[in-house]
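To be precise, the following lines are run.txt, and they hold compact mmCIF, N, CA and C atoms.
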```
# COMPACT_ATOMS: atom_id res chain seq x y z
N MET A 1 85.45 90.52 119.84
CA MET A 1 84.64 89.85 118.86
C MET A 1 84.58 90.72 117.61
N THR A 2 84.76 90.13 116.47
CA THR A 2 84.65 90.83 115.20
C THR A 2 83.77 90.00 114.28
N ILE A 3 82.77 90.61 113.70
CA ILE A 3 81.86 89.94 112.79
C ILE A 3 82.08 90.50 111.39
N LEU A 4 82.24 89.62 110.38
CA LEU A 4 82.45 90.02 109.00
C LEU A 4 83.56 91.06 108.89
N SER A 5 84.70 90.76 109.47
CA SER A 5 85.81 91.70 109.54
C SER A 5 86.30 92.13 108.17
N ASP A 6 86.63 93.40 108.07
CA ASP A 6 87.28 93.97 106.90
C ASP A 6 88.61 94.53 107.38
N PRO A 7 89.74 93.92 106.99
CA PRO A 7 91.05 94.34 107.53
C PRO A 7 91.36 95.82 107.33
N ALA A 8 91.00 96.39 106.19
CA ALA A 8 91.31 97.80 105.95
C ALA A 8 90.50 98.71 106.88
N LEU A 9 89.23 98.38 107.07
CA LEU A 9 88.40 99.18 107.96
C LEU A 9 88.81 98.97 109.41
N GLU A 10 89.17 97.74 109.74
CA GLU A 10 89.66 97.43 111.09
C GLU A 10 90.88 98.29 111.42
N GLU A 11 91.81 98.39 110.49
CA GLU A 11 93.01 99.20 110.70
C GLU A 11 92.67 100.67 110.85
N SER A 12 91.73 101.15 110.08
CA SER A 12 91.32 102.54 110.18
C SER A 12 90.73 102.84 111.56
N ILE A 13 89.91 101.94 112.06
CA ILE A 13 89.33 102.10 113.40
C ILE A 13 90.43 102.06 114.46
N ASP A 14 91.35 101.11 114.33
CA ASP A 14 92.46 101.03 115.29
C ASP A 14 93.27 102.33 115.31
N ARG A 15 93.57 102.87 114.13
CA ARG A 15 94.33 104.12 114.04
C ARG A 15 93.57 105.27 114.70
N TYR A 16 92.27 105.31 114.50
CA TYR A 16 91.41 106.34 115.10
C TYR A 16 91.56 106.34 116.63
N TYR A 17 91.40 105.15 117.23
CA TYR A 17 91.48 105.06 118.70
C TYR A 17 92.90 105.22 119.22
N ARG A 18 93.89 104.73 118.49
CA ARG A 18 95.30 104.91 118.90
C ARG A 18 95.66 106.40 118.91
N ALA A 19 95.19 107.14 117.93
CA ALA A 19 95.50 108.57 117.87
C ALA A 19 94.88 109.31 119.05
N ILE A 20 93.68 108.92 119.45
CA ILE A 20 93.07 109.55 120.62
C ILE A 20 93.91 109.23 121.86
N ALA A 21 94.24 107.97 122.06
CA ALA A 21 95.04 107.57 123.23
C ALA A 21 96.40 108.26 123.22
N GLY A 22 97.00 108.41 122.04
CA GLY A 22 98.30 109.05 121.92
C GLY A 22 98.24 110.57 121.86
N ARG A 23 96.99 111.09 121.82
CA ARG A 23 96.77 112.54 121.79
C ARG A 23 97.48 113.19 120.61
N THR A 24 97.38 112.53 119.46
CA THR A 24 98.04 113.03 118.25
C THR A 24 96.98 113.44 117.23
N LEU A 25 96.66 114.72 117.25
CA LEU A 25 95.62 115.27 116.40
C LEU A 25 95.89 115.00 114.92
N THR A 26 97.12 115.19 114.46
CA THR A 26 97.39 114.99 113.04
C THR A 26 97.16 113.55 112.62
N ASP A 27 97.53 112.59 113.45
CA ASP A 27 97.28 111.17 113.13
C ASP A 27 95.78 110.88 113.11
N TRP A 28 95.06 111.50 114.03
CA TRP A 28 93.61 111.29 114.11
C TRP A 28 92.93 111.88 112.87
N LEU A 29 93.31 113.12 112.50
CA LEU A 29 92.72 113.74 111.32
C LEU A 29 93.03 112.93 110.06
N ALA A 30 94.18 112.25 110.04
CA ALA A 30 94.55 111.44 108.87
C ALA A 30 93.63 110.24 108.67
N THR A 31 92.86 109.87 109.70
CA THR A 31 91.91 108.76 109.56
C THR A 31 90.58 109.23 108.99
N LEU A 32 90.38 110.54 108.92
CA LEU A 32 89.10 111.13 108.55
C LEU A 32 89.13 111.68 107.13
N SER A 33 88.03 111.49 106.40
CA SER A 33 87.92 112.10 105.07
C SER A 33 87.84 113.62 105.24
N ALA A 34 88.17 114.35 104.20
CA ALA A 34 88.15 115.82 104.26
C ALA A 34 86.75 116.36 104.54
N ASP A 35 85.72 115.61 104.14
CA ASP A 35 84.35 116.06 104.35
C ASP A 35 83.62 115.23 105.40
N VAL A 36 84.36 114.77 106.38
CA VAL A 36 83.80 113.96 107.46
C VAL A 36 82.66 114.71 108.16
N THR A 37 81.69 113.95 108.65
CA THR A 37 80.64 114.47 109.52
C THR A 37 80.69 113.68 110.81
N MET A 38 80.77 114.41 111.94
CA MET A 38 80.89 113.76 113.24
C MET A 38 79.78 114.24 114.17
N HIS A 39 79.21 113.29 114.88
CA HIS A 39 78.28 113.58 115.98
C HIS A 39 78.93 112.96 117.21
N GLU A 40 79.62 113.78 117.99
CA GLU A 40 80.38 113.30 119.14
C GLU A 40 79.98 114.09 120.37
N PRO A 41 78.96 113.67 121.10
CA PRO A 41 78.14 112.47 121.01
C PRO A 41 77.00 112.63 120.01
N ALA A 42 76.20 111.58 119.90
CA ALA A 42 75.18 111.48 118.85
C ALA A 42 74.21 112.66 118.82
N GLU A 43 73.81 113.17 119.97
CA GLU A 43 72.81 114.23 120.00
C GLU A 43 73.40 115.61 119.73
N SER A 44 74.70 115.70 119.59
CA SER A 44 75.33 117.00 119.34
C SER A 44 75.14 117.44 117.90
N LEU A 45 75.30 118.72 117.67
CA LEU A 45 75.27 119.24 116.32
C LEU A 45 76.42 118.64 115.54
N PRO A 46 76.26 118.45 114.24
CA PRO A 46 77.34 117.82 113.47
C PRO A 46 78.58 118.71 113.38
N ALA A 47 79.73 118.09 113.52
CA ALA A 47 81.01 118.73 113.25
C ALA A 47 81.37 118.29 111.84
N GLU A 48 81.61 119.25 110.95
CA GLU A 48 81.80 118.89 109.55
C GLU A 48 83.19 119.29 109.07
N GLY A 49 83.78 118.39 108.27
CA GLY A 49 85.11 118.63 107.71
C GLY A 49 86.18 118.57 108.79
N HIS A 50 87.40 118.75 108.38
CA HIS A 50 88.50 118.69 109.35
C HIS A 50 88.43 119.83 110.36
N GLU A 51 87.92 121.00 109.94
CA GLU A 51 87.80 122.11 110.88
C GLU A 51 86.81 121.75 111.99
N GLY A 52 85.67 121.20 111.63
CA GLY A 52 84.71 120.76 112.62
C GLY A 52 85.24 119.62 113.47
N ALA A 53 86.00 118.72 112.85
CA ALA A 53 86.57 117.59 113.58
C ALA A 53 87.52 118.08 114.67
N ARG A 54 88.17 119.19 114.43
CA ARG A 54 89.06 119.76 115.47
C ARG A 54 88.25 120.11 116.72
N ASP A 55 87.02 120.57 116.54
CA ASP A 55 86.16 120.84 117.70
C ASP A 55 85.78 119.54 118.40
N ALA A 56 85.48 118.50 117.63
CA ALA A 56 85.17 117.20 118.22
C ALA A 56 86.38 116.66 118.97
N TRP A 57 87.57 116.91 118.46
CA TRP A 57 88.80 116.48 119.12
C TRP A 57 88.87 117.03 120.54
N LYS A 58 88.43 118.26 120.73
CA LYS A 58 88.46 118.88 122.06
C LYS A 58 87.57 118.11 123.03
N VAL A 59 86.41 117.62 122.55
CA VAL A 59 85.52 116.82 123.40
C VAL A 59 86.26 115.56 123.86
N LEU A 60 87.08 115.00 122.96
CA LEU A 60 87.76 113.73 123.24
C LEU A 60 89.08 113.89 123.98
N THR A 61 89.59 115.11 124.10
CA THR A 61 90.91 115.25 124.73
C THR A 61 90.98 116.30 125.84
N ALA A 62 90.32 117.42 125.69
CA ALA A 62 90.51 118.54 126.64
C ALA A 62 90.26 118.17 128.10
N PRO A 63 89.20 117.41 128.42
CA PRO A 63 88.95 117.13 129.84
C PRO A 63 89.82 116.02 130.42
N PHE A 64 90.65 115.41 129.58
CA PHE A 64 91.35 114.20 129.99
C PHE A 64 92.87 114.33 129.90
N ARG A 65 93.54 113.77 130.88
CA ARG A 65 94.98 113.57 130.78
C ARG A 65 95.25 112.33 129.93
N GLU A 66 94.39 111.34 130.10
CA GLU A 66 94.49 110.08 129.35
C GLU A 66 93.08 109.62 129.01
N LEU A 67 92.96 109.00 127.84
CA LEU A 67 91.70 108.40 127.43
C LEU A 67 92.04 107.20 126.55
N HIS A 68 91.74 106.02 127.04
CA HIS A 68 92.07 104.78 126.33
C HIS A 68 90.80 103.98 126.08
N TYR A 69 90.66 103.53 124.85
CA TYR A 69 89.49 102.74 124.44
C TYR A 69 89.87 101.27 124.32
N GLU A 70 88.96 100.43 124.77
CA GLU A 70 89.05 98.98 124.55
C GLU A 70 87.84 98.61 123.70
N ARG A 71 88.11 98.08 122.53
CA ARG A 71 87.01 97.64 121.67
C ARG A 71 86.50 96.31 122.19
N ARG A 72 85.24 96.29 122.60
CA ARG A 72 84.63 95.07 123.13
C ARG A 72 84.08 94.19 122.00
N ALA A 73 83.50 94.82 120.98
CA ALA A 73 82.95 94.09 119.85
C ALA A 73 82.88 95.05 118.67
N THR A 74 83.14 94.52 117.49
CA THR A 74 83.05 95.31 116.26
C THR A 74 82.24 94.52 115.26
N PHE A 75 81.26 95.18 114.66
CA PHE A 75 80.39 94.55 113.69
C PHE A 75 80.49 95.34 112.39
N PHE A 76 80.84 94.65 111.31
CA PHE A 76 81.01 95.27 110.00
C PHE A 76 79.84 94.93 109.10
N SER A 77 79.48 95.89 108.26
CA SER A 77 78.48 95.66 107.24
C SER A 77 78.75 96.65 106.12
N GLY A 78 79.04 96.15 104.93
CA GLY A 78 79.32 97.03 103.80
C GLY A 78 80.48 97.96 104.12
N ALA A 79 80.25 99.25 103.94
CA ALA A 79 81.29 100.26 104.19
C ALA A 79 81.12 100.90 105.57
N GLY A 80 80.62 100.11 106.52
CA GLY A 80 80.41 100.64 107.86
C GLY A 80 80.77 99.66 108.94
N ALA A 81 80.84 100.19 110.15
CA ALA A 81 81.13 99.35 111.31
C ALA A 81 80.49 99.98 112.54
N ALA A 82 80.07 99.13 113.45
CA ALA A 82 79.60 99.56 114.76
C ALA A 82 80.55 98.98 115.79
N VAL A 83 81.06 99.84 116.67
CA VAL A 83 82.03 99.42 117.68
C VAL A 83 81.42 99.63 119.06
N PHE A 84 81.33 98.55 119.82
CA PHE A 84 80.96 98.62 121.23
C PHE A 84 82.27 98.72 121.99
N TRP A 85 82.44 99.79 122.78
CA TRP A 85 83.71 100.04 123.44
C TRP A 85 83.52 100.38 124.91
N ARG A 86 84.62 100.30 125.60
CA ARG A 86 84.75 100.77 126.98
C ARG A 86 85.96 101.66 127.01
N CYS A 87 85.86 102.79 127.69
CA CYS A 87 87.04 103.65 127.82
C CYS A 87 87.36 103.85 129.29
N ASN A 88 88.63 104.06 129.52
CA ASN A 88 89.13 104.42 130.84
C ASN A 88 89.78 105.78 130.70
N ALA A 89 89.41 106.69 131.59
CA ALA A 89 89.89 108.06 131.50
C ALA A 89 90.55 108.48 132.80
N VAL A 90 91.55 109.34 132.64
CA VAL A 90 92.14 110.07 133.75
C VAL A 90 91.89 111.54 133.44
N GLY A 91 91.17 112.19 134.33
CA GLY A 91 90.81 113.59 134.11
C GLY A 91 91.96 114.53 134.40
N VAL A 92 91.80 115.78 134.04
CA VAL A 92 92.86 116.77 134.26
C VAL A 92 93.10 116.99 135.75
N THR A 93 92.12 116.67 136.61
CA THR A 93 92.30 116.80 138.06
C THR A 93 92.82 115.51 138.69
N GLY A 94 93.07 114.49 137.86
CA GLY A 94 93.62 113.23 138.37
C GLY A 94 92.59 112.16 138.67
N GLY A 95 91.30 112.50 138.58
CA GLY A 95 90.27 111.50 138.82
C GLY A 95 90.28 110.43 137.74
N ARG A 96 89.80 109.26 138.09
CA ARG A 96 89.74 108.14 137.14
C ARG A 96 88.29 107.66 137.06
N ALA A 97 87.87 107.36 135.84
CA ALA A 97 86.51 106.85 135.64
C ALA A 97 86.47 106.15 134.29
N GLY A 98 85.38 105.44 134.08
CA GLY A 98 85.20 104.73 132.82
C GLY A 98 83.83 104.99 132.25
N ALA A 99 83.67 104.62 130.99
CA ALA A 99 82.39 104.76 130.31
C ALA A 99 82.30 103.69 129.24
N GLU A 100 81.09 103.44 128.79
CA GLU A 100 80.87 102.54 127.67
C GLU A 100 80.04 103.26 126.63
N GLY A 101 80.17 102.82 125.39
CA GLY A 101 79.38 103.41 124.33
C GLY A 101 79.48 102.60 123.05
N ILE A 102 78.80 103.11 122.06
CA ILE A 102 78.83 102.50 120.74
C ILE A 102 79.11 103.62 119.74
N THR A 103 80.05 103.38 118.85
CA THR A 103 80.35 104.34 117.79
C THR A 103 80.09 103.67 116.45
N ILE A 104 79.36 104.39 115.60
CA ILE A 104 79.06 103.94 114.25
C ILE A 104 80.00 104.69 113.31
N PHE A 105 80.72 103.95 112.48
CA PHE A 105 81.62 104.52 111.49
C PHE A 105 81.12 104.17 110.10
N GLU A 106 81.16 105.12 109.19
CA GLU A 106 80.95 104.88 107.77
C GLU A 106 82.22 105.33 107.06
N PHE A 107 82.63 104.59 106.03
CA PHE A 107 83.90 104.83 105.36
C PHE A 107 83.69 105.21 103.91
N ASP A 108 84.65 105.99 103.37
CA ASP A 108 84.60 106.31 101.95
C ASP A 108 85.34 105.22 101.16
N ALA A 109 85.43 105.39 99.86
CA ALA A 109 86.05 104.37 98.99
C ALA A 109 87.53 104.18 99.28
N ASP A 110 88.18 105.17 99.91
CA ASP A 110 89.60 105.06 100.24
C ASP A 110 89.84 104.50 101.64
N GLY A 111 88.77 104.12 102.34
CA GLY A 111 88.91 103.57 103.69
C GLY A 111 89.04 104.64 104.76
N LEU A 112 88.82 105.90 104.40
CA LEU A 112 88.83 106.98 105.40
C LEU A 112 87.45 107.09 106.03
N ILE A 113 87.43 107.53 107.25
CA ILE A 113 86.17 107.66 107.99
C ILE A 113 85.39 108.85 107.44
N GLN A 114 84.18 108.58 106.98
CA GLN A 114 83.30 109.59 106.38
C GLN A 114 82.31 110.14 107.40
N THR A 115 81.81 109.25 108.27
CA THR A 115 80.81 109.63 109.26
C THR A 115 81.12 108.93 110.57
N VAL A 116 80.95 109.66 111.68
CA VAL A 116 81.11 109.11 113.03
C VAL A 116 79.90 109.55 113.84
N VAL A 117 79.23 108.58 114.45
CA VAL A 117 78.13 108.88 115.37
C VAL A 117 78.39 108.04 116.61
N SER A 118 78.61 108.73 117.75
CA SER A 118 78.93 108.02 118.99
C SER A 118 77.80 108.16 120.00
N TYR A 119 77.41 107.02 120.55
CA TYR A 119 76.35 106.96 121.55
C TYR A 119 77.00 106.69 122.90
N TRP A 120 77.09 107.76 123.70
CA TRP A 120 77.66 107.66 125.03
C TRP A 120 77.27 108.93 125.79
N ASP A 121 77.58 108.98 127.06
CA ASP A 121 77.19 110.11 127.89
C ASP A 121 78.45 110.79 128.44
N PRO A 122 79.01 111.76 127.70
CA PRO A 122 80.22 112.41 128.19
C PRO A 122 80.00 113.16 129.50
N ALA A 123 78.80 113.69 129.72
CA ALA A 123 78.53 114.42 130.96
C ALA A 123 78.68 113.50 132.17
N ALA A 124 78.17 112.28 132.07
CA ALA A 124 78.29 111.34 133.20
C ALA A 124 79.76 111.02 133.47
N LEU A 125 80.55 110.86 132.41
CA LEU A 125 81.98 110.58 132.58
C LEU A 125 82.67 111.76 133.24
N LEU A 126 82.36 112.97 132.81
CA LEU A 126 82.99 114.16 133.40
C LEU A 126 82.60 114.34 134.86
N ILE A 127 81.34 114.06 135.18
CA ILE A 127 80.89 114.16 136.58
C ILE A 127 81.63 113.13 137.43
N ALA A 128 81.75 111.91 136.93
CA ALA A 128 82.47 110.87 137.68
C ALA A 128 83.94 111.25 137.87
N LEU A 129 84.56 111.81 136.84
CA LEU A 129 85.96 112.23 136.96
C LEU A 129 86.11 113.35 137.97
N ALA A 130 85.19 114.31 137.96
CA ALA A 130 85.26 115.43 138.90
C ALA A 130 85.11 114.94 140.33
N ALA A 131 84.17 114.02 140.57
CA ALA A 131 83.98 113.48 141.92
C ALA A 131 85.19 112.70 142.38
N GLU A 132 85.77 111.93 141.45
CA GLU A 132 86.93 111.09 141.77
C GLU A 132 88.16 111.94 142.04
N GLY A 133 88.29 113.09 141.36
CA GLY A 133 89.48 113.92 141.49
C GLY A 133 89.33 115.06 142.48
N ALA A 134 88.17 115.14 143.14
CA ALA A 134 87.91 116.25 144.07
C ALA A 134 88.79 116.13 145.31
N GLU A 135 89.17 117.29 145.78
CA GLU A 135 89.94 117.36 147.04
C GLU A 135 89.01 117.03 148.20
N PRO A 136 89.49 116.27 149.19
CA PRO A 136 88.63 116.00 150.35
C PRO A 136 88.36 117.30 151.11
N SER A 137 87.11 117.45 151.60
CA SER A 137 86.78 118.65 152.37
C SER A 137 87.28 118.48 153.80
N HIS A 138 87.56 119.62 154.39
CA HIS A 138 88.09 119.60 155.79
C HIS A 138 87.08 120.05 156.76
```
Would you mind writing the file out in structure tokens?
Amino acid sequence: MTILSDPALEESIDRYYRAIAGRTLTDWLATLSADVTMHEPAESLPAEGHEGARDAWKVLTAPFRELHYERRATFFSGAGAAVFWRCNAVGVTGGRAGAEGITIFEFDADGLIQTVVSYWDPAALLIALAAEGAEPSH
């Protein structure tokens, strides 16, 4: 579902999630403004600029062999969008789990992502992956 779709912003969001799934940091950074502010997840301290975004990238990639997002609904308003998503992850130990969340994006005049605030529980996803990938006890 897309409400009040903006094709340029839609493409920027698609590129953001494709880069995560493809594990391509340079493509992901190319979606972000130089002075981006990220809260990944929302309660975390802000990661600022591309240097800070590199730290946020680790949250999105280090624990996972694979991480794929499915956008369930996207709502646009002005220079922003809210995305309700579901992700499926394969952890580094081989466990599989999923999570849901909402990410709020704000864009600059060039269509680059200026602000990211994601509402989700990475700890719950990591715990589920660890349990799923654990070796059976003998």
Fill in: Filtered DSSP result for chain A, state helix (DSSP H, G or I), as JSON, numbers by chain
{"A": [7, 8, 9, 10, 11, 12, 13, 14, 15, 16, 17, 18, 19, 20, 21, 22, 25, 26, 27, 28, 29, 49, 50, 51, 52, 53, 54, 55, 56, 57, 58, 59, 60, 61, 122, 123, 124, 125, 126, 127, 128, 129, 130, 131, 132, 133]}
Please produce a file of those selected residues containing N, CA and C atoms, as a short mmCIF file (atom, residue, chain, number, x, y, z; two decimals), in the coordinates of the input.
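The resulting part_24.cif:
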```cif
data_model
loop_
_atom_site.label_atom_id
_atom_site.label_comp_id
_atom_site.auth_asym_id
_atom_site.auth_seq_id
_atom_site.Cartn_x
_atom_site.Cartn_y
_atom_site.Cartn_z
N PRO A 7 89.74 93.92 106.99
CA PRO A 7 91.05 94.34 107.53
C PRO A 7 91.36 95.82 107.33
N ALA A 8 91.00 96.39 106.19
CA ALA A 8 91.31 97.80 105.95
C ALA A 8 90.50 98.71 106.88
N LEU A 9 89.23 98.38 107.07
CA LEU A 9 88.40 99.18 107.96
C LEU A 9 88.81 98.97 109.41
N GLU A 10 89.17 97.74 109.74
CA GLU A 10 89.66 97.43 111.09
C GLU A 10 90.88 98.29 111.42
N GLU A 11 91.81 98.39 110.49
CA GLU A 11 93.01 99.20 110.70
C GLU A 11 92.67 100.67 110.85
N SER A 12 91.73 101.15 110.08
CA SER A 12 91.32 102.54 110.18
C SER A 12 90.73 102.84 111.56
N ILE A 13 89.91 101.94 112.06
CA ILE A 13 89.33 102.10 113.40
C ILE A 13 90.43 102.06 114.46
N ASP A 14 91.35 101.11 114.33
CA ASP A 14 92.46 101.03 115.29
C ASP A 14 93.27 102.33 115.31
N ARG A 15 93.57 102.87 114.13
CA ARG A 15 94.33 104.12 114.04
C ARG A 15 93.57 105.27 114.70
N TYR A 16 92.27 105.31 114.50
CA TYR A 16 91.41 106.34 115.10
C TYR A 16 91.56 106.34 116.63
N TYR A 17 91.40 105.15 117.23
CA TYR A 17 91.48 105.06 118.70
C TYR A 17 92.90 105.22 119.22
N ARG A 18 93.89 104.73 118.49
CA ARG A 18 95.30 104.91 118.90
C ARG A 18 95.66 106.40 118.91
N ALA A 19 95.19 107.14 117.93
CA ALA A 19 95.50 108.57 117.87
C ALA A 19 94.88 109.31 119.05
N ILE A 20 93.68 108.92 119.45
CA ILE A 20 93.07 109.55 120.62
C ILE A 20 93.91 109.23 121.86
N ALA A 21 94.24 107.97 122.06
CA ALA A 21 95.04 107.57 123.23
C ALA A 21 96.40 108.26 123.22
N GLY A 22 97.00 108.41 122.04
CA GLY A 22 98.30 109.05 121.92
C GLY A 22 98.24 110.57 121.86
N LEU A 25 96.66 114.72 117.25
CA LEU A 25 95.62 115.27 116.40
C LEU A 25 95.89 115.00 114.92
N THR A 26 97.12 115.19 114.46
CA THR A 26 97.39 114.99 113.04
C THR A 26 97.16 113.55 112.62
N ASP A 27 97.53 112.59 113.45
CA ASP A 27 97.28 111.17 113.13
C ASP A 27 95.78 110.88 113.11
N TRP A 28 95.06 111.50 114.03
CA TRP A 28 93.61 111.29 114.11
C TRP A 28 92.93 111.88 112.87
N LEU A 29 93.31 113.12 112.50
CA LEU A 29 92.72 113.74 111.32
C LEU A 29 93.03 112.93 110.06
N GLY A 49 83.78 118.39 108.27
CA GLY A 49 85.11 118.63 107.71
C GLY A 49 86.18 118.57 108.79
N HIS A 50 87.40 118.75 108.38
CA HIS A 50 88.50 118.69 109.35
C HIS A 50 88.43 119.83 110.36
N GLU A 51 87.92 121.00 109.94
CA GLU A 51 87.80 122.11 110.88
C GLU A 51 86.81 121.75 111.99
N GLY A 52 85.67 121.20 111.63
CA GLY A 52 84.71 120.76 112.62
C GLY A 52 85.24 119.62 113.47
N ALA A 53 86.00 118.72 112.85
CA ALA A 53 86.57 117.59 113.58
C ALA A 53 87.52 118.08 114.67
N ARG A 54 88.17 119.19 114.43
CA ARG A 54 89.06 119.76 115.47
C ARG A 54 88.25 120.11 116.72
N ASP A 55 87.02 120.57 116.54
CA ASP A 55 86.16 120.84 117.70
C ASP A 55 85.78 119.54 118.40
N ALA A 56 85.48 118.50 117.63
CA ALA A 56 85.17 117.20 118.22
C ALA A 56 86.38 116.66 118.97
N TRP A 57 87.57 116.91 118.46
CA TRP A 57 88.80 116.48 119.12
C TRP A 57 88.87 117.03 120.54
N LYS A 58 88.43 118.26 120.73
CA LYS A 58 88.46 118.88 122.06
C LYS A 58 87.57 118.11 123.03
N VAL A 59 86.41 117.62 122.55
CA VAL A 59 85.52 116.82 123.40
C VAL A 59 86.26 115.56 123.86
N LEU A 60 87.08 115.00 122.96
CA LEU A 60 87.76 113.73 123.24
C LEU A 60 89.08 113.89 123.98
N THR A 61 89.59 115.11 124.10
CA THR A 61 90.91 115.25 124.73
C THR A 61 90.98 116.30 125.84
N PRO A 122 79.01 111.76 127.70
CA PRO A 122 80.22 112.41 128.19
C PRO A 122 80.00 113.16 129.50
N ALA A 123 78.80 113.69 129.72
CA ALA A 123 78.53 114.42 130.96
C ALA A 123 78.68 113.50 132.17
N ALA A 124 78.17 112.28 132.07
CA ALA A 124 78.29 111.34 133.20
C ALA A 124 79.76 111.02 133.47
N LEU A 125 80.55 110.86 132.41
CA LEU A 125 81.98 110.58 132.58
C LEU A 125 82.67 111.76 133.24
N LEU A 126 82.36 112.97 132.81
CA LEU A 126 82.99 114.16 133.40
C LEU A 126 82.60 114.34 134.86
N ILE A 127 81.34 114.06 135.18
CA ILE A 127 80.89 114.16 136.58
C ILE A 127 81.63 113.13 137.43
N ALA A 128 81.75 111.91 136.93
CA ALA A 128 82.47 110.87 137.68
C ALA A 128 83.94 111.25 137.87
N LEU A 129 84.56 111.81 136.84
CA LEU A 129 85.96 112.23 136.96
C LEU A 129 86.11 113.35 137.97
N ALA A 130 85.19 114.31 137.96
CA ALA A 130 85.26 115.43 138.90
C ALA A 130 85.11 114.94 140.33
N ALA A 131 84.17 114.02 140.57
CA ALA A 131 83.98 113.48 141.92
C ALA A 131 85.19 112.70 142.38
N GLU A 132 85.77 111.93 141.45
CA GLU A 132 86.93 111.09 141.77
C GLU A 132 88.16 111.94 142.04
N GLY A 133 88.29 113.09 141.36
CA GLY A 133 89.48 113.92 141.49
C GLY A 133 89.33 115.06 142.48
#
```
Practice prompt. Figure out the distance between atom C of A:Gly98 and atom CA of A:Ser33, please, to one decimal in Å.
Written response: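 Answer for the atom CA of A:Ser33 to atom C of A:Gly98 separation: 28.4 Å.
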Worksheet item: Between A:Cys87, A:Ala34, A:Val92, A:Ala79, which is the closest to A:Pro122 once you count only C-alpha atoms?
Response: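 The closest residue to A:Pro122 is A:Cys87.
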Worksheet entry | Residue nearest A:Ala81 among A:Ile113, A:Ala8, A:Ala56, A:Ile104 (counting only N, CA and C atoms) | A:Ile104
Worksheet item: Any idea what the distance is between atom C of A:Ile127 and atom N of A:Ala42?
Response: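 Those two atoms sit 18.4 Å apart.
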Worksheet entry | A:Gly49 surroundings by only C-alpha atoms, 10 Å radius, close-in-sequence under 4 positions cut, as a list of chain:residue names |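 Final neighbour list, sorted by chain and number: A:Leu29, A:Leu32, A:Ser33, A:Ala34, A:Asp35, A:Val36, A:Thr37, A:Met38, A:Ala53, A:Arg54, A:Gln114.
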Discussion item. With DSSP run on the backbone, what are the strand (DSSP E) residues within stretch 34-94 of chain A? I'd like them as JSON, numbers by chain.
Written reply: {"A": [34, 35, 36, 37, 38, 39, 47, 48, 64, 65, 66, 67, 68, 69, 70, 71, 72, 73, 74, 75, 76, 77, 80, 81, 82, 83, 84, 85, 86, 87, 88, 89, 90, 91]}
Discussion item. Just checking: using only C-alpha atoms, which residue out of A:Glu43, A:His68, A:Lys58, A:Glu51 ends up closest to A:Arg18?
Written reply: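 Answer, going by the shortest atom-to-atom distance: A:His68.
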Discussion item. With distances taken over only N, CA and C atoms, which residue among A:Leu126, A:Asp6, A:Glu48, A:Ile13 lies nearest A:Pro63?
Written reply: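 Comparing A:Leu126, A:Asp6, A:Glu48, A:Ile13 against A:Pro63, the winner is A:Leu126.
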Worksheet entry | Of the listed residues A:Val83, A:Leu25, A:Leu60, A:Leu125, that which approaches A:Ala97 most closely, counting only N, CA and C atoms | A:Leu125
Practice prompt. Compare A:Thr115, A:Thr93, A:Thr26, A:Thr103 by their minimum atom-to-atom distance to A:Trp57, counting only C-alpha atoms, and give me the closest one.
Written response: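 Looking at the shortest contact to A:Trp57, the residue is A:Thr26.
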Discussion item. So that I can check the surroundings of A:Gly95, please list as an NGL selection string every protein, DNA and RNA residue that reaches within 6 Å of it, counting all atoms listed in the file and ignoring chain neighbours fewer than 5 positions away.
Written reply: :A and (89-90 or 129-130 or 132-133)
Discussion item. Just want the 9 Å neighbourhood of A:Phe84, counted on only C-alpha atoms, with same-chain residues fewer than 2 positions away dropped. Output as a PyMOL selection string.
Written reply: chain A and resi 70-75+82+86+100-104
For stretch 68-78 of chain A, take all atoms listed in the file, fit an axis-aligned box around them, add 3 Å to each of the six sides, then output centre and edge lengths in Å rounded to one decimal, as JSON.
```
{"center_x": 85.3, "center_y": 100.1, "center_z": 115.4, "size_x": 19.6, "size_y": 17.9, "size_z": 29.2}
```
Worksheet item: Interatomic distance between atom CA of A:Phe105 and atom N of A:Phe76?
Response: 9.9 Å
Item to complete: Using all atoms listed in the file, determine which residues lie at most 7 Å from A:Gly111, disregarding the query and same-chain residues fewer than 4 positions distant; provide the list as a PyMOL selection string.
Response: chain A and resi 8-9+12+31+107
